[in-house]
$ cat entry20.cif   # mmCIF, C-alpha atoms
data_work
#
loop_
_atom_site.label_atom_id
_atom_site.label_comp_id
_atom_site.auth_asym_id
_atom_site.auth_seq_id
_atom_site.Cartn_x
_atom_site.Cartn_y
_atom_site.Cartn_z
CA MET H 1 -0.41 6.38 22.83
CA THR H 2 0.29 4.62 19.55
CA MET H 3 -1.82 1.70 18.37
CA PRO H 4 -0.07 -1.67 17.91
CA LEU H 5 0.62 -2.29 14.22
CA ASP H 6 -1.41 -5.51 14.00
CA THR H 7 -4.61 -3.79 15.17
CA ASP H 8 -4.15 -0.54 13.29
CA PRO H 9 -6.68 -0.70 10.44
CA HIS H 10 -4.91 2.09 8.55
CA THR H 11 -1.75 0.07 8.12
CA ASP H 12 -2.44 -2.43 5.38
CA ASP H 13 -0.64 -5.73 4.88
CA ALA H 14 1.33 -4.55 1.85
CA HIS H 15 2.65 -1.57 3.80
CA LEU H 16 3.69 -3.84 6.66
CA LEU H 17 5.38 -6.19 4.21
CA ALA H 18 7.32 -3.26 2.73
CA ARG H 19 8.42 -2.32 6.25
CA TYR H 20 9.47 -5.92 6.90
CA ALA H 21 11.51 -5.82 3.68
CA LYS H 22 13.35 -2.82 5.14
CA GLY H 23 14.26 -4.77 8.26
CA ASP H 24 11.39 -3.77 10.57
CA ALA H 25 10.87 -6.57 13.11
CA ALA H 26 7.69 -4.94 14.46
CA ALA H 27 6.12 -5.32 11.03
CA ALA H 28 6.96 -9.04 11.09
CA ARG H 29 5.20 -9.40 14.43
CA ALA H 30 2.15 -7.49 13.17
CA LEU H 31 1.89 -9.59 10.01
CA THR H 32 2.24 -12.81 12.01
CA VAL H 33 -0.54 -11.84 14.41
CA ARG H 34 -2.78 -10.71 11.55
CA LEU H 35 -2.23 -13.39 8.97
CA VAL H 36 -1.32 -16.67 10.69
CA PRO H 37 -4.79 -17.28 12.23
CA ARG H 38 -6.42 -16.79 8.79
CA VAL H 39 -3.88 -18.94 7.01
CA HIS H 40 -4.16 -21.65 9.65
CA ALA H 41 -7.98 -21.62 9.55
CA GLN H 42 -7.98 -21.94 5.76
CA ALA H 43 -5.53 -24.84 5.92
CA MET H 44 -7.58 -26.53 8.64
CA ARG H 45 -10.73 -26.29 6.54
CA MET H 46 -9.02 -27.65 3.49
CA LEU H 47 -7.02 -30.39 5.22
CA GLY H 48 -8.92 -31.25 8.41
CA ASP H 49 -5.65 -32.18 10.06
CA GLN H 50 -4.09 -30.03 12.75
CA ALA H 51 -0.45 -31.04 12.21
CA GLU H 52 -0.65 -30.67 8.43
CA ALA H 53 -2.44 -27.32 8.75
CA GLU H 54 0.30 -26.01 11.05
CA ASP H 55 3.00 -27.06 8.60
CA VAL H 56 1.15 -25.43 5.70
CA ALA H 57 0.67 -22.20 7.67
CA GLN H 58 4.35 -22.05 8.52
CA GLU H 59 5.41 -22.82 4.93
CA ALA H 60 3.03 -20.21 3.49
CA MET H 61 4.37 -17.54 5.85
CA MET H 62 7.92 -18.58 5.03
CA ARG H 63 7.16 -17.91 1.35
CA LEU H 64 5.78 -14.51 2.29
CA TRP H 65 8.98 -13.55 4.17
CA LYS H 66 11.01 -14.74 1.22
CA ILE H 67 9.09 -12.71 -1.36
CA ALA H 68 8.95 -9.55 0.80
CA PRO H 69 11.96 -7.74 -0.77
CA ASP H 70 10.52 -8.29 -4.27
CA TRP H 71 6.90 -7.45 -3.38
CA ARG H 72 5.49 -4.62 -5.46
CA GLU H 73 2.79 -2.67 -3.67
CA GLY H 74 -0.44 -2.28 -5.60
CA GLU H 75 -0.01 -5.36 -7.80
CA ALA H 76 -1.82 -7.89 -5.61
CA LYS H 77 -3.32 -8.07 -2.14
CA VAL H 78 -1.14 -9.90 0.36
CA SER H 79 -4.15 -11.79 1.76
CA THR H 80 -5.21 -12.92 -1.72
CA TRP H 81 -1.68 -14.02 -2.59
CA LEU H 82 -1.48 -15.99 0.65
CA PHE H 83 -4.90 -17.56 0.07
CA ARG H 84 -3.65 -18.93 -3.24
CA VAL H 85 -0.41 -20.18 -1.77
CA VAL H 86 -2.25 -21.97 1.04
CA ALA H 87 -4.83 -23.45 -1.37
CA ASN H 88 -2.04 -24.87 -3.55
CA LEU H 89 -0.03 -26.21 -0.61
CA CYS H 90 -3.18 -27.91 0.76
CA THR H 91 -3.97 -29.40 -2.63
CA ASP H 92 -0.47 -30.86 -2.87
CA GLN H 93 -0.93 -32.32 0.61
CA LEU H 94 -4.35 -33.80 -0.21
CA ARG H 95 -3.08 -35.33 -3.44
CA LYS H 96 -0.36 -37.14 -1.49
CA ARG H 97 -2.94 -38.86 0.71
CA PRO H 98 -4.02 -42.39 -0.15
CA ARG H 99 -7.31 -42.51 -2.04
CA GLY H 100 -10.63 -43.99 -0.94
CA ASN H 101 -9.93 -43.81 2.75
CA VAL H 102 -13.27 -42.20 3.60
CA PRO H 103 -14.90 -44.75 5.90
CA LEU H 104 -18.45 -44.42 4.58
CA GLU H 105 -19.43 -47.86 5.85
CA ASP H 106 -18.56 -46.68 9.34
CA VAL H 107 -20.98 -43.85 8.82
CA ALA H 108 -23.82 -46.14 7.83
CA GLU H 109 -23.26 -48.53 10.70
CA PRO H 110 -21.33 -46.77 13.44
CA ALA H 111 -19.71 -48.81 16.21
CA ASP H 112 -21.22 -46.47 18.78
CA PRO H 113 -24.94 -46.15 18.11
CA ALA H 114 -25.26 -42.91 20.09
CA PRO H 115 -26.65 -40.17 17.78
CA SER H 116 -23.87 -37.69 18.60
CA ALA H 117 -21.11 -40.17 17.76
CA GLU H 118 -22.86 -41.10 14.51
CA ALA H 119 -23.35 -37.49 13.57
CA GLY H 120 -19.73 -36.73 14.35
CA LEU H 121 -18.47 -39.55 12.16
CA GLN H 122 -20.81 -38.56 9.38
CA THR H 123 -19.62 -34.97 9.46
CA LYS H 124 -16.01 -36.11 9.46
CA ALA H 125 -16.57 -38.42 6.49
CA ARG H 126 -18.53 -35.74 4.63
CA HIS H 127 -15.80 -33.17 5.07
CA ALA H 128 -13.06 -35.62 4.09
CA ALA H 129 -14.91 -36.57 0.89
CA LEU H 130 -15.49 -32.93 0.02
CA ARG H 131 -11.84 -31.97 0.67
CA GLN H 132 -10.65 -34.73 -1.59
CA ALA H 133 -13.09 -33.71 -4.32
CA LEU H 134 -11.96 -30.08 -3.98
CA ALA H 135 -8.34 -31.13 -4.38
CA ASP H 136 -9.22 -32.79 -7.67
CA LEU H 137 -10.74 -29.63 -9.17
CA PRO H 138 -8.71 -27.55 -11.65
CA GLU H 139 -6.92 -24.74 -9.80
CA ARG H 140 -9.09 -21.83 -10.94
CA GLN H 141 -12.33 -23.65 -10.15
CA ARG H 142 -11.00 -24.65 -6.75
CA ILE H 143 -9.89 -21.10 -5.92
CA ALA H 144 -13.22 -19.65 -7.09
CA VAL H 145 -15.31 -22.14 -5.09
CA THR H 146 -13.25 -21.88 -1.90
CA LEU H 147 -13.00 -18.10 -2.05
CA ARG H 148 -16.77 -17.90 -2.42
CA HIS H 149 -17.67 -20.38 0.30
CA PHE H 150 -14.75 -20.23 2.75
CA GLU H 151 -13.90 -16.53 2.58
CA GLY H 152 -17.31 -15.19 1.59
CA ALA H 153 -15.72 -13.34 -1.33
CA THR H 154 -17.99 -11.57 -3.79
CA ASN H 155 -17.88 -12.15 -7.56
CA PRO H 156 -15.91 -8.92 -8.23
CA GLN H 157 -13.39 -9.89 -5.52
CA ILE H 158 -12.93 -13.36 -7.03
CA ALA H 159 -12.68 -11.81 -10.48
CA ALA H 160 -9.91 -9.49 -9.28
CA THR H 161 -8.05 -12.39 -7.67
CA LEU H 162 -8.18 -14.55 -10.77
CA GLY H 163 -7.88 -11.73 -13.28
CA ILE H 164 -11.10 -12.63 -15.08
CA SER H 165 -14.46 -10.97 -15.68
CA THR H 166 -17.27 -11.11 -13.13
CA GLU H 167 -19.39 -13.10 -15.58
CA ALA H 168 -16.63 -15.66 -15.94
CA VAL H 169 -16.56 -16.11 -12.14
CA GLU H 170 -20.20 -17.17 -12.13
CA SER H 171 -19.54 -19.78 -14.77
CA LEU H 172 -16.32 -20.95 -13.07
CA THR H 173 -17.95 -21.51 -9.68
CA ALA H 174 -20.95 -23.24 -11.28
CA ARG H 175 -18.63 -25.59 -13.21
CA GLY H 176 -16.63 -26.22 -10.04
CA LYS H 177 -19.71 -27.15 -8.05
CA ARG H 178 -21.04 -29.35 -10.86
CA ALA H 179 -17.71 -31.17 -10.91
CA LEU H 180 -17.86 -31.61 -7.14
CA ALA H 181 -21.40 -32.99 -7.36
CA HIS H 182 -20.26 -35.33 -10.10
CA ALA H 183 -17.26 -36.52 -8.05
CA LEU H 184 -19.41 -37.12 -4.97
CA LYS H 185 -22.26 -38.70 -6.89
CA GLY H 186 -23.38 -41.84 -5.15
CA GLN H 187 -21.92 -40.72 -1.84
CA ILE H 188 -24.30 -37.88 -1.13
CA ASP H 189 -27.02 -40.08 0.38
CA ALA H 190 -24.48 -42.10 2.35
CA LEU H 191 -23.02 -38.88 3.68
CA GLY H 192 -26.35 -37.97 5.18
CA TYR H 193 -27.61 -35.42 2.66
CA VAL H 194 -31.03 -35.85 1.18
CA GLY H 195 -31.55 -34.25 -2.19
CA MET O 196 -20.24 -41.33 -18.59
CA THR O 197 -22.54 -38.79 -16.99
CA ASP O 198 -22.32 -35.25 -18.31
CA PRO O 199 -21.48 -32.97 -15.39
CA ASP O 200 -23.49 -30.20 -17.06
CA LYS O 201 -26.67 -32.22 -16.50
CA THR O 202 -26.31 -32.15 -12.70
CA PRO O 203 -29.78 -32.01 -11.12
CA PRO O 204 -30.50 -28.74 -9.28
CA HIS O 205 -30.97 -30.49 -5.95
CA CYS O 206 -27.38 -31.79 -6.18
CA MET O 207 -26.15 -28.24 -6.63
CA ALA O 208 -28.09 -27.21 -3.52
CA VAL O 209 -26.52 -30.09 -1.62
CA MET O 210 -23.08 -28.95 -2.81
CA ASP O 211 -23.74 -25.45 -1.50
CA GLN O 212 -24.85 -26.93 1.80
CA MET O 213 -21.77 -29.19 2.05
CA LEU O 214 -19.40 -26.33 1.25
CA ASP O 215 -21.06 -24.00 3.73
CA ASP O 216 -20.98 -26.70 6.43
CA LEU O 217 -17.25 -27.16 5.86
CA ALA O 218 -16.70 -23.40 5.86
CA HIS O 219 -18.45 -23.04 9.21
CA ALA O 220 -16.87 -26.06 10.85
CA PRO O 221 -15.14 -24.96 14.05
CA VAL O 222 -11.42 -24.42 13.65
CA PRO O 223 -9.06 -24.66 16.64
CA ASP O 224 -6.98 -21.62 17.60
CA VAL O 225 -3.45 -21.42 16.30
CA PRO O 226 -1.16 -22.98 18.91
CA ASP O 227 1.35 -20.54 20.44
CA ALA O 228 4.15 -22.84 19.29
CA VAL O 229 3.15 -22.26 15.64
CA MET O 230 3.10 -18.48 16.12
CA ALA O 231 6.53 -18.73 17.72
CA ARG O 232 7.88 -20.84 14.85
CA VAL O 233 6.56 -18.38 12.26
CA MET O 234 8.14 -15.44 14.15
CA GLU O 235 11.40 -17.34 14.37
CA ASP O 236 11.39 -17.79 10.58
CA ALA O 237 10.54 -14.12 10.09
CA MET O 238 13.44 -13.03 12.27
CA ALA O 239 15.85 -15.44 10.58
CA MET O 240 14.91 -14.01 7.18
CA LEU O 241 14.59 -10.37 8.28
CA PRO O 242 16.39 -8.21 5.70
CA PRO O 243 19.07 -5.80 6.99
CA PRO O 244 17.90 -2.32 8.07
CA GLY O 245 17.16 -0.27 4.97
CA GLY O 246 16.47 -3.38 2.92
CA VAL O 247 18.47 -5.40 0.48
CA VAL O 248 20.26 -3.24 -2.09
CA ALA O 249 19.65 -4.66 -5.53
CA PRO O 250 22.90 -5.32 -7.42
CA VAL O 251 23.52 -2.76 -10.20
CA ALA O 252 23.98 -4.25 -13.67
CA VAL O 253 27.61 -3.88 -14.83
CA PRO O 254 28.14 -3.27 -18.59
CA TRP O 255 30.07 -5.98 -20.49
CA TRP O 256 32.96 -3.70 -21.37
CA ARG O 257 33.58 -2.94 -17.70
CA ASP O 258 33.83 -6.69 -17.00
CA MET O 259 36.34 -7.02 -19.85
CA LEU O 260 38.32 -4.05 -18.54
CA GLN O 261 38.54 -5.69 -15.13
CA ALA O 262 39.65 -8.97 -16.73
CA ILE O 263 42.65 -7.38 -18.46
CA GLY O 264 43.78 -5.44 -15.39
CA GLY O 265 41.78 -2.21 -15.24
CA TRP O 266 42.57 1.28 -16.49
CA THR O 267 46.32 0.95 -15.74
CA ALA O 268 46.55 -1.97 -18.14
CA VAL O 269 44.64 -0.02 -20.77
CA GLY O 270 47.12 2.88 -20.37
CA GLY O 271 50.02 0.46 -20.92
CA LEU O 272 48.37 -1.00 -24.00
CA VAL O 273 47.78 2.45 -25.51
CA ALA O 274 51.41 3.51 -24.83
CA ALA O 275 52.74 0.29 -26.40
CA ALA O 276 50.51 0.69 -29.47
CA ALA O 277 51.56 4.34 -29.94
CA THR O 278 55.26 3.47 -29.60
CA GLY O 279 54.90 0.67 -32.13
CA PHE O 280 53.20 2.98 -34.59
CA VAL O 281 55.88 5.70 -34.28
CA VAL O 282 58.73 3.20 -34.65
CA GLY O 283 57.04 1.68 -37.67
CA VAL O 284 56.49 4.98 -39.47
CA GLY O 285 60.05 6.18 -38.68
CA GLY O 286 61.56 2.98 -40.09
CA LEU O 287 59.76 3.42 -43.38
CA ASP O 288 61.17 6.95 -43.83
CA THR O 289 64.80 5.76 -43.51
CA VAL O 290 64.50 3.16 -46.29
CA SER O 291 62.47 4.68 -49.12
CA GLY O 292 58.93 5.46 -50.05
CA ASP O 293 58.95 2.56 -52.45
CA ALA O 294 59.50 0.09 -49.66
CA ILE O 295 55.86 0.40 -48.83
CA TRP O 296 55.02 -1.23 -52.20
CA SER O 297 56.95 -4.32 -51.17
CA LEU O 298 54.39 -4.95 -48.44
CA GLY O 299 51.78 -5.72 -51.09
CA THR O 300 51.45 -9.04 -52.83
CA GLY O 301 50.85 -7.65 -56.35
CA THR O 302 53.45 -6.67 -58.97
CA TYR O 303 54.42 -3.05 -59.37
CA TYR O 304 56.29 -1.01 -61.96
CA ASP O 305 59.82 0.09 -61.07
CA GLY O 306 59.99 3.32 -63.13
CA SER O 307 63.58 4.41 -62.44
CA GLY O 308 65.20 1.04 -63.20
CA ALA O 309 63.32 0.58 -66.44
CA LEU O 310 64.14 4.07 -67.73
CA ASP O 311 67.83 3.67 -66.93
CA ALA O 312 68.03 0.35 -68.70
CA PHE O 313 66.15 1.74 -71.70
CA GLY O 314 68.67 4.62 -72.03
CA TRP O 315 71.74 2.41 -71.95
CA ASP O 316 70.31 -0.24 -74.19
CA PHE O 317 69.45 2.41 -76.79
CA GLU O 318 72.97 3.90 -76.83
CA GLU O 319 74.66 0.54 -77.10
CA GLY O 320 72.52 -0.22 -80.13
#
$ encode --input "entry20.cif" --output "structure tokens"
Amino acid sequence: MTMPLDTDPHTDDAHLLARYAKGDAAAARALTVRLVPRVHAQAMRMLGDQAEAEDVAQEAMMRLWKIAPDWREGEAKVSTWLFRVVANLCTDQLRKRPRGNVPLEDVAEPADPAPSAEAGLQTKARHAALRQALADLPERQRIAVTLRHFEGATNPQIAATLGISTEAVESLTARGKRALAHALKGQIDALGYVG
Amino acid sequence: MTDPDKTPPHCMAVMDQMLDDLAHAPVPDVPDAVMARVMEDAMAMLPPPGGVVAPVAVPWWRDMLQAIGGWTAVGGLVAAAATGFVVGVGGLDTVSGDAIWSLGTGTYYDGSGALDAFGWDFEEG
């Protein structure tokens, strides 16, 4: 019995994409099953909005189908390329949102005094503030920080993605996190973090 | 303005904590409708079996050849040019070799006329 393409660990994404480019519908199904959950999860983390995350996931996959005939195996990893596309689409989406809509005062004095409701609001406000601050980072810093924390990527993996040295990754992520801390300065206590 | 490089260490720890919290926040499963939409796009954009054949670059002279009517037209042009050349050369032979000098814009020396005139003038005194 043959293993379905999407669960076969020996068939990598680039190979499937090459098969899709040659008109293989089974490869399209395998890539969809493999990649859409990851792409959607990344978009959800970065946007915190289900409808927007779905649109971003669909758009990112659309770009993948479009680039398939021109994809050159061995040049980049499909998952890394998609991560970048999703990160940029999410950033565009976040930058379109109106500013300063994080209801911190609601966090300090919630309408419902139950601890779970307060905690839920606080988490929501914390994530929204962080997403907005991430969107304001320069692209390379944002990619380095999100790859490290969201994907658990190692320094050499981030270095390969960005085409820089491993030492430069360390400095890039540190600068990114300093910029985030600077952007969220004054909100950290209100967001429920104690330094 | 505060220098971001002077961020206190505890703020950096808080940043790590915030980022990790966001990374581990539960994410809902992808709705089936989204998977279906993505598959629909994939099928709509599925290249033909065997893939898309990249267009071969055509040299400029082949474009020009097509513009004037292809190889048949080139054959006609060559025949017309050859005929014109033969007719031209034949015409020159029937007049005289000197006629070719009349095509130029400069003056030339007419040897036979001058010698004849010199002879007669001399005899007449």
$ atom_distance --input "entry20.cif" --atom1 "CA of Arg29 in chain H" --atom2 "CA of Glu151 in chain H"
23.6 Å
$ closest_residue --input "entry20.cif" --among "H:Leu17, H:Ala159, H:Ala181, H:Ala26" --to "chain O" --atoms "all atoms listed in the file"
H:Ala181
$ closest_atom_pairs --input "entry20.cif" --of "chain O" --to "chain H" --cutoff "6 Å" --atoms "only C-alpha atoms" --output "JSON lines"
{"residue": "O:Pro199", "atom": "CA", "partner": "H:Arg178", "partner_atom": "CA", "distance": 5.8}
{"residue": "O:His205", "atom": "CA", "partner": "H:Gly195", "partner_atom": "CA", "distance": 5.3}
{"residue": "O:Ala218", "atom": "CA", "partner": "H:Phe150", "partner_atom": "CA", "distance": 4.9}
{"residue": "O:Val225", "atom": "CA", "partner": "H:Pro37", "partner_atom": "CA", "distance": 6.0}
{"residue": "O:Val233", "atom": "CA", "partner": "H:Gln58", "partner_atom": "CA", "distance": 5.7}
{"residue": "O:Leu241", "atom": "CA", "partner": "H:Gly23", "partner_atom": "CA", "distance": 5.6}
{"residue": "O:Pro242", "atom": "CA", "partner": "H:Gly23", "partner_atom": "CA", "distance": 4.8}
{"residue": "O:Pro243", "atom": "CA", "partner": "H:Gly23", "partner_atom": "CA", "distance": 5.1}
{"residue": "O:Pro244", "atom": "CA", "partner": "H:Gly23", "partner_atom": "CA", "distance": 4.4}
{"residue": "O:Gly245", "atom": "CA", "partner": "H:Lys22", "partner_atom": "CA", "distance": 4.6}
{"residue": "O:Gly246", "atom": "CA", "partner": "H:Lys22", "partner_atom": "CA", "distance": 3.9}
$ atom_distance --input "entry20.cif" --atom1 "CA of Gly271 in chain O" --atom2 "CA of Trp256 in chain O"
17.6 Å
$ atom_distance --input "entry20.cif" --atom1 "CA of Leu35 in chain H" --atom2 "CA of Ala129 in chain H"
27.6 Å
$ decode --input "entry20.cif" --residues "range 130-179 of chain H" --atoms "C-alpha atoms" --output "short mmCIF file (atom, residue, chain, number, x, y, z; two decimals), in the first residue's frame"
data_model
loop_
_atom_site.label_atom_id
_atom_site.label_comp_id
_atom_site.auth_asym_id
_atom_site.auth_seq_id
_atom_site.Cartn_x
_atom_site.Cartn_y
_atom_site.Cartn_z
CA LEU H 130 2.44 42.89 21.15
CA ARG H 131 1.09 42.19 17.64
CA GLN H 132 0.94 45.88 16.89
CA ALA H 133 4.47 46.41 18.19
CA LEU H 134 5.70 43.48 16.08
CA ALA H 135 4.11 44.99 12.99
CA ASP H 136 6.10 48.18 13.58
CA LEU H 137 9.46 46.39 13.63
CA PRO H 138 11.71 46.48 10.55
CA GLU H 139 11.09 43.38 8.43
CA ARG H 140 14.30 41.49 9.25
CA GLN H 141 13.94 42.06 12.99
CA ARG H 142 10.31 40.97 12.86
CA ILE H 143 11.13 37.81 10.90
CA ALA H 144 14.02 36.95 13.23
CA VAL H 145 11.96 37.46 16.41
CA THR H 146 8.88 35.59 15.14
CA LEU H 147 10.89 32.72 13.68
CA ARG H 148 12.67 32.33 17.01
CA HIS H 149 9.61 32.54 19.25
CA PHE H 150 6.74 31.31 17.07
CA GLU H 151 8.49 28.60 15.07
CA GLY H 152 11.21 27.71 17.56
CA ALA H 153 13.84 28.20 14.85
CA THR H 154 17.50 28.00 15.82
CA ASN H 155 20.03 30.73 15.04
CA PRO H 156 21.52 28.82 12.05
CA GLN H 157 18.00 28.27 10.65
CA ILE H 158 17.16 31.98 10.99
CA ALA H 159 20.53 32.85 9.49
CA ALA H 160 19.80 30.65 6.47
CA THR H 161 16.36 32.20 6.04
CA LEU H 162 17.65 35.75 6.14
CA GLY H 163 20.95 35.07 4.40
CA ILE H 164 23.05 36.46 7.24
CA SER H 165 25.62 35.09 9.67
CA THR H 166 24.63 33.32 12.88
CA GLU H 167 26.25 36.10 14.91
CA ALA H 168 24.16 38.69 13.10
CA VAL H 169 20.99 36.77 14.04
CA GLU H 170 21.77 37.16 17.73
CA SER H 171 22.18 40.88 17.35
CA LEU H 172 19.07 41.18 15.14
CA THR H 173 16.78 39.39 17.59
CA ALA H 174 18.21 41.35 20.54
CA ARG H 175 17.59 44.65 18.70
CA GLY H 176 14.10 43.49 17.79
CA LYS H 177 13.22 42.65 21.37
CA ARG H 178 14.71 45.91 22.65
CA ALA H 179 12.57 47.79 20.14
#
